[in-house]
$ cat structure_37.cif   # mmCIF, C-alpha atoms and all ligand atoms
data_start
#
loop_
_atom_site.label_atom_id
_atom_site.label_comp_id
_atom_site.auth_asym_id
_atom_site.auth_seq_id
_atom_site.Cartn_x
_atom_site.Cartn_y
_atom_site.Cartn_z
CA MET A 110 -21.15 -9.58 -8.34
CA SER A 111 -19.44 -6.36 -7.36
CA LYS A 112 -17.34 -3.43 -8.53
CA ILE A 113 -15.48 -0.36 -7.32
CA THR A 114 -17.95 2.54 -7.53
CA ALA A 115 -15.89 5.42 -6.13
CA PHE A 116 -12.24 6.18 -5.47
CA GLY A 117 -10.16 8.89 -3.78
CA THR A 118 -6.73 9.66 -2.31
CA TYR A 119 -5.02 12.14 -0.01
CA VAL A 120 -1.42 13.13 0.64
CA PRO A 121 -0.34 15.53 3.40
CA GLU A 122 0.94 18.99 2.42
CA ARG A 123 4.50 18.78 3.74
CA ILE A 124 6.91 17.74 0.97
CA ILE A 125 10.21 16.21 2.08
CA ASP A 126 13.00 16.03 -0.50
CA ASN A 127 16.11 13.87 -0.25
CA HIS A 128 18.29 16.76 0.95
CA TYR A 129 16.25 16.76 4.19
CA PHE A 130 17.99 13.50 5.17
CA GLU A 131 21.50 14.86 4.45
CA LYS A 132 21.07 16.95 7.62
CA ILE A 133 20.13 14.07 9.91
CA ILE A 134 21.97 10.97 8.62
CA ASP A 135 25.02 10.11 6.52
CA THR A 136 23.42 10.00 3.06
CA ASN A 137 22.94 11.99 -0.13
CA ASP A 138 20.36 12.67 -2.82
CA GLU A 139 22.20 10.60 -5.41
CA TRP A 140 22.30 7.43 -3.23
CA ILE A 141 18.61 7.67 -2.36
CA LEU A 142 17.56 8.32 -5.96
CA SER A 143 19.68 5.57 -7.48
CA ARG A 144 18.89 2.92 -4.81
CA THR A 145 15.18 3.61 -4.31
CA GLY A 146 13.87 5.94 -7.04
CA VAL A 147 12.37 8.22 -4.37
CA LYS A 148 12.60 11.95 -5.14
CA THR A 149 10.13 13.28 -2.58
CA ARG A 150 7.69 11.97 0.03
CA ARG A 151 5.03 13.61 2.22
CA PHE A 152 5.04 13.73 6.03
CA SER A 153 1.90 14.29 8.09
CA LYS A 154 1.69 17.10 10.65
CA GLU A 155 2.38 16.34 14.31
CA GLY A 156 -1.31 16.06 15.21
CA GLU A 157 -2.39 14.45 11.94
CA PHE A 158 -3.03 10.72 12.28
CA THR A 159 -4.03 7.86 9.99
CA SER A 160 -7.77 8.31 10.59
CA ASP A 161 -7.51 12.05 9.75
CA MET A 162 -5.87 11.27 6.42
CA SER A 163 -8.40 8.47 5.79
CA VAL A 164 -11.25 10.95 6.23
CA LYS A 165 -9.59 13.29 3.69
CA ALA A 166 -9.25 10.44 1.17
CA VAL A 167 -12.98 9.71 1.64
CA LYS A 168 -13.77 13.43 1.05
CA ASP A 169 -11.78 13.19 -2.21
CA LEU A 170 -13.76 10.05 -3.12
CA GLN A 171 -16.99 12.00 -2.53
CA LYS A 172 -15.75 14.94 -4.61
CA ASN A 173 -14.79 12.61 -7.49
CA SER A 174 -17.99 10.58 -7.50
CA GLY A 175 -20.72 12.44 -5.63
CA ALA A 176 -21.16 9.21 -3.64
CA ASP A 177 -23.48 9.16 -0.64
CA ILE A 178 -21.45 7.78 2.28
CA SER A 179 -24.19 7.83 4.91
CA ASP A 180 -25.33 4.28 4.02
CA ILE A 181 -21.89 2.65 4.08
CA ASP A 182 -22.46 -0.56 6.04
CA PHE A 183 -18.88 -1.79 6.51
CA ILE A 184 -15.54 0.02 6.83
CA ILE A 185 -12.25 -1.84 6.33
CA ALA A 186 -9.22 0.26 7.26
CA CYS A 187 -5.95 -1.29 6.06
CA THR A 188 -2.97 0.09 7.93
CA THR A 189 0.22 -0.69 9.81
CA SER A 190 0.31 2.72 11.46
CA PRO A 191 -3.03 3.12 13.29
CA ASP A 192 -3.62 6.24 15.42
CA GLN A 193 -3.44 3.89 18.42
CA PRO A 194 -3.78 0.08 18.88
CA MET A 195 -7.37 0.48 20.10
CA PRO A 196 -9.89 1.72 18.94
CA ASN A 197 -9.27 0.64 15.38
CA VAL A 198 -8.90 3.19 12.58
CA ALA A 199 -12.17 2.11 10.95
CA SER A 200 -14.04 3.10 14.13
CA ARG A 201 -12.32 6.52 14.21
CA VAL A 202 -13.36 7.04 10.58
CA GLN A 203 -16.94 5.97 11.39
CA TYR A 204 -17.06 8.55 14.18
CA LYS A 205 -15.42 11.38 12.24
CA LEU A 206 -17.64 10.89 9.19
CA GLY A 207 -20.79 10.36 11.27
CA ILE A 208 -21.70 7.10 9.52
CA GLN A 209 -24.47 5.62 11.67
CA ASN A 210 -24.78 1.89 10.99
CA THR A 211 -21.58 0.24 9.90
CA GLY A 212 -19.30 -2.63 10.80
CA CYS A 213 -15.71 -1.51 11.42
CA ASN A 214 -12.58 -3.60 11.17
CA ASP A 215 -8.90 -3.03 10.45
CA VAL A 216 -6.74 -5.18 8.19
CA TYR A 217 -3.22 -5.47 9.49
CA ALA A 218 -1.27 -6.77 6.50
CA ALA A 219 1.30 -4.03 5.86
CA CYS A 220 1.85 -3.20 2.19
CA ALA A 221 -0.51 -5.97 1.04
CA GLY A 222 -3.31 -4.35 3.07
CA PHE A 223 -5.29 -2.50 0.42
CA VAL A 224 -5.57 -5.52 -1.89
CA TYR A 225 -6.58 -7.72 1.06
CA GLY A 226 -9.22 -5.08 1.83
CA LEU A 227 -10.59 -5.27 -1.72
CA GLN A 228 -10.73 -9.07 -1.53
CA LEU A 229 -12.69 -8.95 1.73
CA ALA A 230 -15.02 -6.23 0.44
CA HIS A 231 -15.79 -8.27 -2.69
CA GLY A 232 -16.51 -11.29 -0.46
CA LEU A 233 -18.84 -9.36 1.85
CA VAL A 234 -20.75 -7.83 -1.04
CA THR A 235 -21.08 -10.96 -3.20
CA ALA A 236 -22.12 -13.04 -0.17
CA GLY A 237 -24.92 -10.52 0.36
CA ILE A 238 -23.67 -9.62 3.84
CA ASN A 239 -23.04 -5.94 3.01
CA LYS A 240 -24.14 -3.49 0.31
CA LYS A 241 -21.64 -0.64 0.49
CA VAL A 242 -18.14 -1.34 1.77
CA LEU A 243 -15.54 1.39 2.28
CA ILE A 244 -11.93 0.22 1.96
CA ILE A 245 -9.17 2.49 3.15
CA GLY A 246 -5.39 2.07 2.75
CA ALA A 247 -3.75 4.73 4.92
CA GLU A 248 -0.42 5.20 6.66
CA THR A 249 1.42 7.72 8.80
CA LEU A 250 4.71 5.84 8.48
CA SER A 251 6.73 8.95 9.41
CA LYS A 252 5.39 8.47 12.95
CA ILE A 253 6.86 4.94 13.18
CA THR A 254 10.07 5.49 11.21
CA ASP A 255 13.45 5.13 12.89
CA PHE A 256 15.22 8.30 11.70
CA GLU A 257 18.53 6.93 12.99
CA ASP A 258 18.39 3.98 10.57
CA ARG A 259 19.70 5.32 7.27
CA THR A 260 18.80 2.19 5.30
CA SER A 261 15.07 2.53 6.01
CA CYS A 262 14.13 6.11 6.93
CA ILE A 263 14.78 7.43 3.43
CA LEU A 264 12.13 5.12 1.99
CA PHE A 265 8.82 5.90 3.69
CA GLY A 266 6.03 8.46 3.31
CA ASP A 267 2.49 9.19 4.50
CA ALA A 268 -0.70 8.96 2.40
CA ALA A 269 -4.23 7.55 2.17
CA GLY A 270 -6.48 5.98 -0.44
CA ALA A 271 -10.15 5.00 -0.32
CA ALA A 272 -12.58 3.01 -2.47
CA LEU A 273 -16.21 1.92 -2.31
CA VAL A 274 -17.23 -1.59 -3.37
CA GLU A 275 -20.91 -2.19 -4.17
CA PRO A 276 -23.09 -4.79 -5.92
CA SER A 277 -22.95 -4.74 -9.70
CA GLU A 278 -24.82 -6.36 -12.59
CA GLU A 279 -21.51 -7.32 -14.18
CA GLU A 280 -18.61 -8.92 -12.26
CA HIS A 281 -15.61 -6.57 -12.20
CA PHE A 282 -13.48 -8.66 -9.82
CA ILE A 283 -11.86 -11.34 -11.98
CA ALA A 284 -9.34 -13.23 -9.80
CA PHE A 285 -7.49 -13.07 -6.50
CA ASN A 286 -4.55 -14.68 -4.77
CA SER A 287 -2.81 -14.21 -1.44
CA GLY A 288 -0.26 -15.83 0.85
CA THR A 289 2.40 -15.36 3.47
CA ASN A 290 5.92 -16.53 4.15
CA GLY A 291 6.06 -16.14 7.91
CA SER A 292 9.66 -17.27 8.13
CA PHE A 293 10.63 -13.71 7.10
CA GLY A 294 8.78 -12.24 10.11
CA GLN A 295 11.96 -10.96 11.69
CA ASP A 296 13.06 -9.16 8.50
CA LEU A 297 10.34 -6.52 8.69
CA TYR A 298 8.65 -5.75 11.99
CA LEU A 299 7.60 -3.24 14.59
CA SER A 300 7.77 -4.22 18.22
CA HIS A 301 6.79 -2.42 21.42
CA LYS A 302 6.38 -5.17 23.99
CA LYS A 303 9.57 -7.10 24.64
CA ASN A 304 13.08 -7.49 23.28
CA SER A 305 12.38 -11.14 22.54
CA ILE A 306 9.16 -12.49 21.01
CA ASN A 307 8.62 -16.16 20.12
CA GLY A 308 12.24 -16.74 21.05
CA VAL A 309 13.51 -14.23 18.48
CA GLU A 310 15.59 -11.21 19.56
CA MET A 311 13.88 -7.94 18.56
CA ARG A 312 14.55 -4.22 18.61
CA CYS A 313 11.71 -3.07 20.83
CA ASN A 314 11.51 0.61 19.88
CA SER A 315 8.02 1.00 18.35
CA LYS A 316 9.67 1.80 15.01
CA ILE A 317 9.89 -0.08 11.71
CA VAL A 318 12.88 -2.43 11.61
CA GLN A 319 13.71 -3.92 8.22
CA ASN A 320 16.34 -6.04 6.58
CA GLY A 321 16.02 -4.27 3.24
CA LYS A 322 18.29 -6.62 1.31
CA SER A 323 16.35 -9.71 2.38
CA ILE A 324 12.95 -8.22 1.48
CA PHE A 325 14.29 -6.91 -1.82
CA LYS A 326 15.52 -10.39 -2.76
CA TRP A 327 12.27 -12.05 -1.68
CA ALA A 328 10.14 -9.57 -3.65
CA VAL A 329 12.16 -9.81 -6.86
CA GLY A 330 12.28 -13.62 -6.63
CA ASN A 331 8.64 -14.23 -5.71
CA ILE A 332 6.36 -11.44 -6.88
CA PRO A 333 6.76 -12.13 -10.64
CA ILE A 334 5.80 -15.78 -9.94
CA LYS A 335 2.73 -14.71 -7.95
CA ILE A 336 1.71 -12.34 -10.76
CA LYS A 337 2.04 -15.11 -13.36
CA GLU A 338 0.03 -17.53 -11.17
CA LEU A 339 -2.74 -14.96 -10.78
CA VAL A 340 -2.92 -14.26 -14.52
CA GLU A 341 -3.16 -18.01 -15.19
CA LYS A 342 -5.83 -18.41 -12.52
CA ALA A 343 -7.90 -15.78 -14.35
CA GLY A 344 -7.51 -17.72 -17.61
CA LEU A 345 -5.68 -14.73 -19.11
CA THR A 346 -2.21 -13.96 -20.45
CA LEU A 347 -0.02 -10.97 -19.62
CA ASP A 348 -1.05 -9.45 -22.97
CA ASP A 349 -4.61 -9.20 -21.61
CA ILE A 350 -3.49 -7.08 -18.66
CA ASP A 351 -3.59 -3.35 -19.47
CA TYR A 352 -1.71 -2.31 -16.32
CA ILE A 353 0.16 -4.08 -13.52
CA VAL A 354 0.17 -2.01 -10.33
CA PRO A 355 2.61 -3.55 -7.84
CA HIS A 356 3.18 -2.12 -4.39
CA SER A 357 5.56 0.84 -4.76
CA ALA A 358 8.24 -0.53 -2.42
CA ASN A 359 11.30 0.61 -4.38
CA LEU A 360 11.57 1.63 -8.05
CA ARG A 361 14.30 -1.00 -8.56
CA ILE A 362 11.89 -3.73 -7.41
CA ILE A 363 9.28 -2.54 -9.95
CA GLU A 364 11.93 -2.48 -12.70
CA ALA A 365 13.07 -5.99 -11.76
CA ILE A 366 9.47 -7.29 -11.84
CA ALA A 367 8.97 -5.75 -15.31
CA LYS A 368 12.18 -7.35 -16.55
CA SER A 369 11.39 -10.73 -15.06
CA LEU A 370 7.91 -10.74 -16.64
CA ASP A 371 9.10 -9.14 -19.88
CA TYR A 372 6.26 -6.65 -19.33
CA PRO A 373 6.54 -2.96 -20.36
CA LEU A 374 7.60 -0.75 -17.43
CA LYS A 375 5.46 2.07 -18.83
CA LYS A 376 2.39 -0.06 -18.13
CA MET A 377 3.31 -0.35 -14.43
CA PRO A 378 1.99 2.74 -12.61
CA GLU A 379 4.03 3.71 -9.54
CA SER A 380 3.86 6.18 -6.67
CA ILE A 381 7.35 5.66 -5.24
CA THR A 382 9.15 8.51 -7.05
CA GLU A 383 6.82 11.28 -5.88
CA PHE A 384 5.46 9.89 -2.61
CA GLY A 385 7.98 7.30 -1.34
CA ASN A 386 6.94 3.90 -0.01
CA THR A 387 3.50 4.51 1.52
CA SER A 388 2.73 0.84 2.30
CA SER A 389 -1.02 0.18 2.05
CA ALA A 390 -1.62 3.56 0.34
CA SER A 391 0.91 3.02 -2.45
CA ILE A 392 -1.35 1.13 -4.89
CA PRO A 393 -4.26 3.63 -4.64
CA LEU A 394 -1.79 6.52 -5.12
CA ALA A 395 -0.27 4.86 -8.21
CA ILE A 396 -3.74 4.30 -9.70
CA ALA A 397 -4.77 7.92 -9.01
CA LYS A 398 -1.57 9.24 -10.57
CA SER A 399 -1.98 7.04 -13.65
CA ARG A 400 -5.59 8.19 -14.12
CA LYS A 401 -4.58 11.84 -13.76
CA ASN A 402 -1.95 11.37 -16.47
CA GLY A 403 -4.39 9.74 -18.92
CA GLY A 404 -3.44 6.14 -18.06
CA ILE A 405 -5.91 3.77 -16.35
CA LYS A 406 -9.46 4.29 -17.63
CA SER A 407 -12.85 2.59 -17.37
CA GLY A 408 -12.83 -0.92 -18.86
CA ASP A 409 -9.09 -1.49 -18.42
CA ILE A 410 -7.99 -4.80 -16.92
CA ILE A 411 -5.61 -4.06 -14.07
CA LEU A 412 -3.63 -6.37 -11.85
CA MET A 413 -2.71 -5.13 -8.38
CA MET A 414 -0.12 -6.92 -6.25
CA GLY A 415 0.60 -5.80 -2.69
CA PHE A 416 3.47 -7.30 -0.68
CA GLY A 417 5.32 -6.54 2.53
CA GLY A 418 5.57 -7.28 6.27
CA GLY A 419 4.66 -10.87 7.09
CA LEU A 420 5.93 -11.36 4.51
CA THR A 421 2.43 -11.18 3.05
CA PHE A 422 1.25 -10.73 -0.49
CA ALA A 423 -2.20 -10.19 -2.03
CA GLY A 424 -3.16 -9.85 -5.67
CA ALA A 425 -6.30 -8.94 -7.58
CA ILE A 426 -7.25 -8.65 -11.24
CA ILE A 427 -10.16 -6.30 -11.78
CA LYS A 428 -11.94 -4.56 -14.61
CA TRP A 429 -11.59 -0.90 -13.68
CA SER A 430 -15.05 0.65 -13.58
CA LEU A 431 -14.48 4.42 -13.19
O1 LIG A 501 7.42 -1.96 1.53
C1 LIG A 501 7.78 -3.29 1.73
C2 LIG A 501 8.91 -3.45 2.59
N1 LIG A 501 10.15 -2.82 2.23
C3 LIG A 501 10.80 -3.03 1.06
O2 LIG A 501 10.32 -3.60 0.13
C4 LIG A 501 12.22 -2.54 1.01
C5 LIG A 501 13.07 -3.40 0.12
N2 LIG A 501 14.47 -3.05 0.18
C6 LIG A 501 14.97 -1.90 -0.34
O3 LIG A 501 14.25 -1.07 -0.88
C7 LIG A 501 16.48 -1.70 -0.30
O4 LIG A 501 17.09 -2.86 0.21
C8 LIG A 501 16.92 -0.47 0.56
C9 LIG A 501 16.53 0.83 -0.14
C10 LIG A 501 16.26 -0.52 1.93
C11 LIG A 501 18.44 -0.48 0.72
O5 LIG A 501 19.05 -0.52 -0.57
P1 LIG A 501 20.21 -1.57 -0.90
O6 LIG A 501 20.62 -1.33 -2.28
O7 LIG A 501 19.69 -2.94 -0.55
O8 LIG A 501 21.36 -1.11 0.07
P2 LIG A 501 22.14 -1.96 1.19
O9 LIG A 501 21.34 -2.03 2.43
O10 LIG A 501 22.64 -3.22 0.57
O11 LIG A 501 23.38 -1.04 1.41
C12 LIG A 501 24.37 -0.82 0.38
C13 LIG A 501 25.39 0.17 0.90
C14 LIG A 501 25.92 -0.19 2.28
O12 LIG A 501 27.27 0.22 2.34
P3 LIG A 501 28.47 -0.85 2.12
O13 LIG A 501 28.27 -1.90 3.19
O14 LIG A 501 28.29 -1.38 0.74
O15 LIG A 501 29.70 -0.02 2.31
C15 LIG A 501 25.10 0.68 3.21
O16 LIG A 501 25.78 0.97 4.42
O17 LIG A 501 24.78 1.46 1.03
C16 LIG A 501 24.94 1.93 2.38
N3 LIG A 501 23.75 2.69 2.73
C17 LIG A 501 23.62 4.00 2.49
N4 LIG A 501 24.45 4.91 1.95
C18 LIG A 501 23.99 6.17 1.83
C19 LIG A 501 22.61 2.22 3.31
N5 LIG A 501 21.72 3.22 3.45
C20 LIG A 501 22.32 4.34 2.96
C21 LIG A 501 21.90 5.67 2.81
N6 LIG A 501 22.77 6.56 2.24
N7 LIG A 501 20.68 6.09 3.20
#

$ encode --input "structure_37.cif" --output "structure tokens"
Amino acid sequence: MSKITAFGTYVPERIIDNHYFEKIIDTNDEWILSRTGVKTRRFSKEGEFTSDMSVKAVKDLQKNSGADISDIDFIIACTTSPDQPMPNVASRVQYKLGIQNTGCNDVYAACAGFVYGLQLAHGLVTAGINKKVLIIGAETLSKITDFEDRTSCILFGDAAGAALVEPSEEEHFIAFNSGTNGSFGQDLYLSHKKNSINGVEMRCNSKIVQNGKSIFKWAVGNIPIKIKELVEKAGLTLDDIDYIVPHSANLRIIEAIAKSLDYPLKKMPESITEFGNTSSASIPLAIAKSRKNGGIKSGDIILMMGFGGGLTFAGAIIKWSL
């Protein structure tokens, strides 16, 4: 049995409002706000990378909990924007935090990353393989954003979240689900090798390429079903769920999920309005914001649902323990 024993987040200092984009592309504040819900997002500094922000989220976790991090024995860094393809971000974090004896692996599942990380951490701990697992969801998306593509660049931001999972006398992880629809692979990708991969023409510019409309439709059509399936799997009903925390992809997607489930929007914490779409960091940010505002508290049953590039999704129902 396991539970989350510590939690922290970090956002870079530089605040970017919607007017910033009016100077570089043909857009305006009203369009961005009404189509995405984003008011501001944060961009990392030039020399600030995903592992740097991960370390700061871990420092916040330590400040919040007083946790000892020296005996962490596995680090899972979930990211789509690593400092570099090799070494992995987890190994950079291990080095920067001086953690001596720990396994290090990255999860590469885009916006579903953090929830996949929690699933793996729970598995490692309950199987008795590890005792203290650090999960990080961190992104420097501004470094892989195509600022010439007006349909995508207005969406993304940089941030990091971190959690510790450890053995517990009571099970706090209640149910999981996950899956992928790989046929949408060409609707959200980043490519830096060739203009054609697996016979599919690609834009090979090392930047995020997305067919926003297609992903929007997929998310609104599928995520409510995946949430319902997960609730059923747990033997619960939606009334038992105190908060649903979906990936903050776009405020309109969150509103559509609420409507489709007939679930109160006010019980769906989000991070999109203040921080933009931060991929694997968006769920931790939404939880932190909700807790700061008197929302999620110890004992609450929360359902997290990450979804994105793949197109992957990963869900978890947990009893919040902090
Ligand atoms: O994190 C997981 C992965 N990503 C997502 O989940 C993203 C999901 N998709 C979305 O959030 C939305 O599809 C976007 C925000 C990316 C785009 O919003 P949309 O409502 O789907 O807009 P659209 O692409 O259908 O474009 C509508 C119109 C078009 O003009 P016409 O053809 O109707 O004349 C676009 O050219 O809006 C135009 N447009 C813009 N106008 C002003 C597109 N981008 C902009 C812009 N400013 N930045």

$ residues_near_ligand --input "structure_37.cif" --ligand "ligand LIG 501 (chain A)" --cutoff "8 Å" --atoms "all atoms listed in the file" --output "ChimeraX atom specification"
/A:134-137,140-141,144-145,219-220,258-264,297,319-326,328,356-359,361-362,386-388,416-418

$ write_last_selection --input "structure_37.cif" --atoms "C-alpha atoms" --output "mmCIF file, in the frame of the given file"
data_model
loop_
_atom_site.group_PDB
_atom_site.id
_atom_site.type_symbol
_atom_site.label_atom_id
_atom_site.label_comp_id
_atom_site.auth_asym_id
_atom_site.auth_seq_id
_atom_site.Cartn_x
_atom_site.Cartn_y
_atom_site.Cartn_z
ATOM 1 C CA ILE A 134 21.970 10.970 8.620
ATOM 2 C CA ASP A 135 25.020 10.110 6.520
ATOM 3 C CA THR A 136 23.420 10.000 3.060
ATOM 4 C CA ASN A 137 22.940 11.990 -0.130
ATOM 5 C CA TRP A 140 22.300 7.430 -3.230
ATOM 6 C CA ILE A 141 18.610 7.670 -2.360
ATOM 7 C CA ARG A 144 18.890 2.920 -4.810
ATOM 8 C CA THR A 145 15.180 3.610 -4.310
ATOM 9 C CA ALA A 219 1.300 -4.030 5.860
ATOM 10 C CA CYS A 220 1.850 -3.200 2.190
ATOM 11 C CA ASP A 258 18.390 3.980 10.570
ATOM 12 C CA ARG A 259 19.700 5.320 7.270
ATOM 13 C CA THR A 260 18.800 2.190 5.300
ATOM 14 C CA SER A 261 15.070 2.530 6.010
ATOM 15 C CA CYS A 262 14.130 6.110 6.930
ATOM 16 C CA ILE A 263 14.780 7.430 3.430
ATOM 17 C CA LEU A 264 12.130 5.120 1.990
ATOM 18 C CA LEU A 297 10.340 -6.520 8.690
ATOM 19 C CA GLN A 319 13.710 -3.920 8.220
ATOM 20 C CA ASN A 320 16.340 -6.040 6.580
ATOM 21 C CA GLY A 321 16.020 -4.270 3.240
ATOM 22 C CA LYS A 322 18.290 -6.620 1.310
ATOM 23 C CA SER A 323 16.350 -9.710 2.380
ATOM 24 C CA ILE A 324 12.950 -8.220 1.480
ATOM 25 C CA PHE A 325 14.290 -6.910 -1.820
ATOM 26 C CA LYS A 326 15.520 -10.390 -2.760
ATOM 27 C CA ALA A 328 10.140 -9.570 -3.650
ATOM 28 C CA HIS A 356 3.180 -2.120 -4.390
ATOM 29 C CA SER A 357 5.560 0.840 -4.760
ATOM 30 C CA ALA A 358 8.240 -0.530 -2.420
ATOM 31 C CA ASN A 359 11.300 0.610 -4.380
ATOM 32 C CA ARG A 361 14.300 -1.000 -8.560
ATOM 33 C CA ILE A 362 11.890 -3.730 -7.410
ATOM 34 C CA ASN A 386 6.940 3.900 -0.010
ATOM 35 C CA THR A 387 3.500 4.510 1.520
ATOM 36 C CA SER A 388 2.730 0.840 2.300
ATOM 37 C CA PHE A 416 3.470 -7.300 -0.680
ATOM 38 C CA GLY A 417 5.320 -6.540 2.530
ATOM 39 C CA GLY A 418 5.570 -7.280 6.270
#

$ closest_residue --input "structure_37.cif" --among "A:Ala390, A:Ile410, A:Met195, A:Ala271" --to "Ile350 in chain A" --atoms "only C-alpha atoms"
A:Ile410

$ atom_distance --input "structure_37.cif" --atom1 "CA of Leu250 in chain A" --atom2 "CA of Ser315 in chain A"
11.5 Å

$ residues_around --input "structure_37.cif" --residues "Gln193 in chain A" --least-positions-apart "2" --cutoff "12 Å" --atoms "only C-alpha atoms" --output "number ranges by chain"
A: 158-160, 188-191, 195-201, 215, 249, 252-253, 315

$ atom_distance --input "structure_37.cif" --atom1 "CA of Met110 in chain A" --atom2 "CA of Phe282 in chain A"
7.9 Å

$ residues_near_point --input "structure_37.cif" --point "(17.6, -2.4, 19.8)" --cutoff "12 Å" --atoms "all atoms listed in the file" --output "PDB file with C-alpha atoms, keeping the file's coordinate frame"
ATOM      1  CA  ASP A 255      13.450   5.130  12.890  1.00  0.00           C
ATOM      2  CA  GLU A 257      18.530   6.930  12.990  1.00  0.00           C
ATOM      3  CA  ASP A 258      18.390   3.980  10.570  1.00  0.00           C
ATOM      4  CA  LEU A 299       7.600  -3.240  14.590  1.00  0.00           C
ATOM      5  CA  SER A 300       7.770  -4.220  18.220  1.00  0.00           C
ATOM      6  CA  HIS A 301       6.790  -2.420  21.420  1.00  0.00           C
ATOM      7  CA  LYS A 303       9.570  -7.100  24.640  1.00  0.00           C
ATOM      8  CA  ASN A 304      13.080  -7.490  23.280  1.00  0.00           C
ATOM      9  CA  SER A 305      12.380 -11.140  22.540  1.00  0.00           C
ATOM     10  CA  GLU A 310      15.590 -11.210  19.560  1.00  0.00           C
ATOM     11  CA  MET A 311      13.880  -7.940  18.560  1.00  0.00           C
ATOM     12  CA  ARG A 312      14.550  -4.220  18.610  1.00  0.00           C
ATOM     13  CA  CYS A 313      11.710  -3.070  20.830  1.00  0.00           C
ATOM     14  CA  ASN A 314      11.510   0.610  19.880  1.00  0.00           C
ATOM     15  CA  SER A 315       8.020   1.000  18.350  1.00  0.00           C
ATOM     16  CA  LYS A 316       9.670   1.800  15.010  1.00  0.00           C
ATOM     17  CA  ILE A 317       9.890  -0.080  11.710  1.00  0.00           C
ATOM     18  CA  VAL A 318      12.880  -2.430  11.610  1.00  0.00           C
TER      19      VAL A 318
END

$ closest_residue --input "structure_37.cif" --among "A:Asn127, A:Ser407, A:Ser163, A:Ser251" --to "Lys205 in chain A" --atoms "all atoms listed in the file"
A:Ser163

$ closest_residue --input "structure_37.cif" --among "A:Cys213, A:Ile396, A:Ile363, A:Ile353" --to "Lys376 in chain A" --atoms "all atoms listed in the file"
A:Ile353

$ closest_residue --input "structure_37.cif" --among "A:Ser179, A:Gln295, A:Thr114, A:Ser277" --to "Thr235 in chain A" --atoms "all atoms listed in the file"
A:Ser277

$ closest_residue --input "structure_37.cif" --among "A:Val120, A:Ala367, A:Ile332, A:Leu431" --to "Arg400 in chain A" --atoms "only C-alpha atoms"
A:Leu431

$ closest_residue --input "structure_37.cif" --among "A:Val340, A:Ile381, A:Leu227, A:Met162" --to "Ala423 in chain A" --atoms "only C-alpha atoms"
A:Leu227

$ residues_around --input "structure_37.cif" --residues "range 240-245 of chain A" --least-positions-apart "5" --cutoff "7 Å" --atoms "only C-alpha atoms" --output "MDAnalysis selection string"
chainID A and resid 163 181:187 223 226:227 230 234 270:276

$ residues_around --input "structure_37.cif" --residues "Met413 in chain A" --least-positions-apart "6" --cutoff "10 Å" --atoms "only C-alpha atoms" --output "PDB file with C-alpha atoms, in the frame of the given file"
ATOM      1  CA  ALA A 221      -0.510  -5.970   1.040  1.00  0.00           C
ATOM      2  CA  PHE A 223      -5.290  -2.500   0.420  1.00  0.00           C
ATOM      3  CA  VAL A 224      -5.570  -5.520  -1.890  1.00  0.00           C
ATOM      4  CA  PHE A 285      -7.490 -13.070  -6.500  1.00  0.00           C
ATOM      5  CA  ILE A 336       1.710 -12.340 -10.760  1.00  0.00           C
ATOM      6  CA  TYR A 352      -1.710  -2.310 -16.320  1.00  0.00           C
ATOM      7  CA  ILE A 353       0.160  -4.080 -13.520  1.00  0.00           C
ATOM      8  CA  VAL A 354       0.170  -2.010 -10.330  1.00  0.00           C
ATOM      9  CA  PRO A 355       2.610  -3.550  -7.840  1.00  0.00           C
ATOM     10  CA  HIS A 356       3.180  -2.120  -4.390  1.00  0.00           C
ATOM     11  CA  MET A 377       3.310  -0.350 -14.430  1.00  0.00           C
ATOM     12  CA  ILE A 392      -1.350   1.130  -4.890  1.00  0.00           C
ATOM     13  CA  PRO A 393      -4.260   3.630  -4.640  1.00  0.00           C
ATOM     14  CA  ILE A 396      -3.740   4.300  -9.700  1.00  0.00           C
ATOM     15  CA  ALA A 423      -2.200 -10.190  -2.030  1.00  0.00           C
ATOM     16  CA  GLY A 424      -3.160  -9.850  -5.670  1.00  0.00           C
ATOM     17  CA  ALA A 425      -6.300  -8.940  -7.580  1.00  0.00           C
ATOM     18  CA  ILE A 426      -7.250  -8.650 -11.240  1.00  0.00           C
ATOM     19  CA  ILE A 427     -10.160  -6.300 -11.780  1.00  0.00           C
TER      20      ILE A 427
END

$ atom_distance --input "structure_37.cif" --atom1 "CA of Glu379 in chain A" --atom2 "CA of Asp126 in chain A"
17.7 Å

$ residues_around --input "structure_37.cif" --residues "Leu206 in chain A" --least-positions-apart "2" --cutoff "9 Å" --atoms "all atoms listed in the file" --output "ChimeraX atom specification"
/A:164,167,178-179,201-204,208-209

$ build_atoms --input "structure_37.cif" --residues "range 285-289 of chain A" --atoms "N, CA and C atoms" --output "CSV table (one decimal), in the frame of the given file"
chain,number,residue,atom,x,y,z
A,285,PHE,N,-8.3,-13.5,-7.7
A,285,PHE,CA,-7.5,-13.1,-6.5
A,285,PHE,C,-6.5,-14.1,-6.2
A,286,ASN,N,-5.4,-13.7,-5.5
A,286,ASN,CA,-4.6,-14.7,-4.8
A,286,ASN,C,-3.9,-14.0,-3.5
A,287,SER,N,-3.4,-14.8,-2.6
A,287,SER,CA,-2.8,-14.2,-1.4
A,287,SER,C,-2.0,-15.3,-0.8
A,288,GLY,N,-1.1,-14.9,0.1
A,288,GLY,CA,-0.3,-15.8,0.8
A,288,GLY,C,0.7,-15.1,1.8
A,289,THR,N,1.4,-15.9,2.5
A,289,THR,CA,2.4,-15.4,3.5
A,289,THR,C,3.6,-16.3,3.6
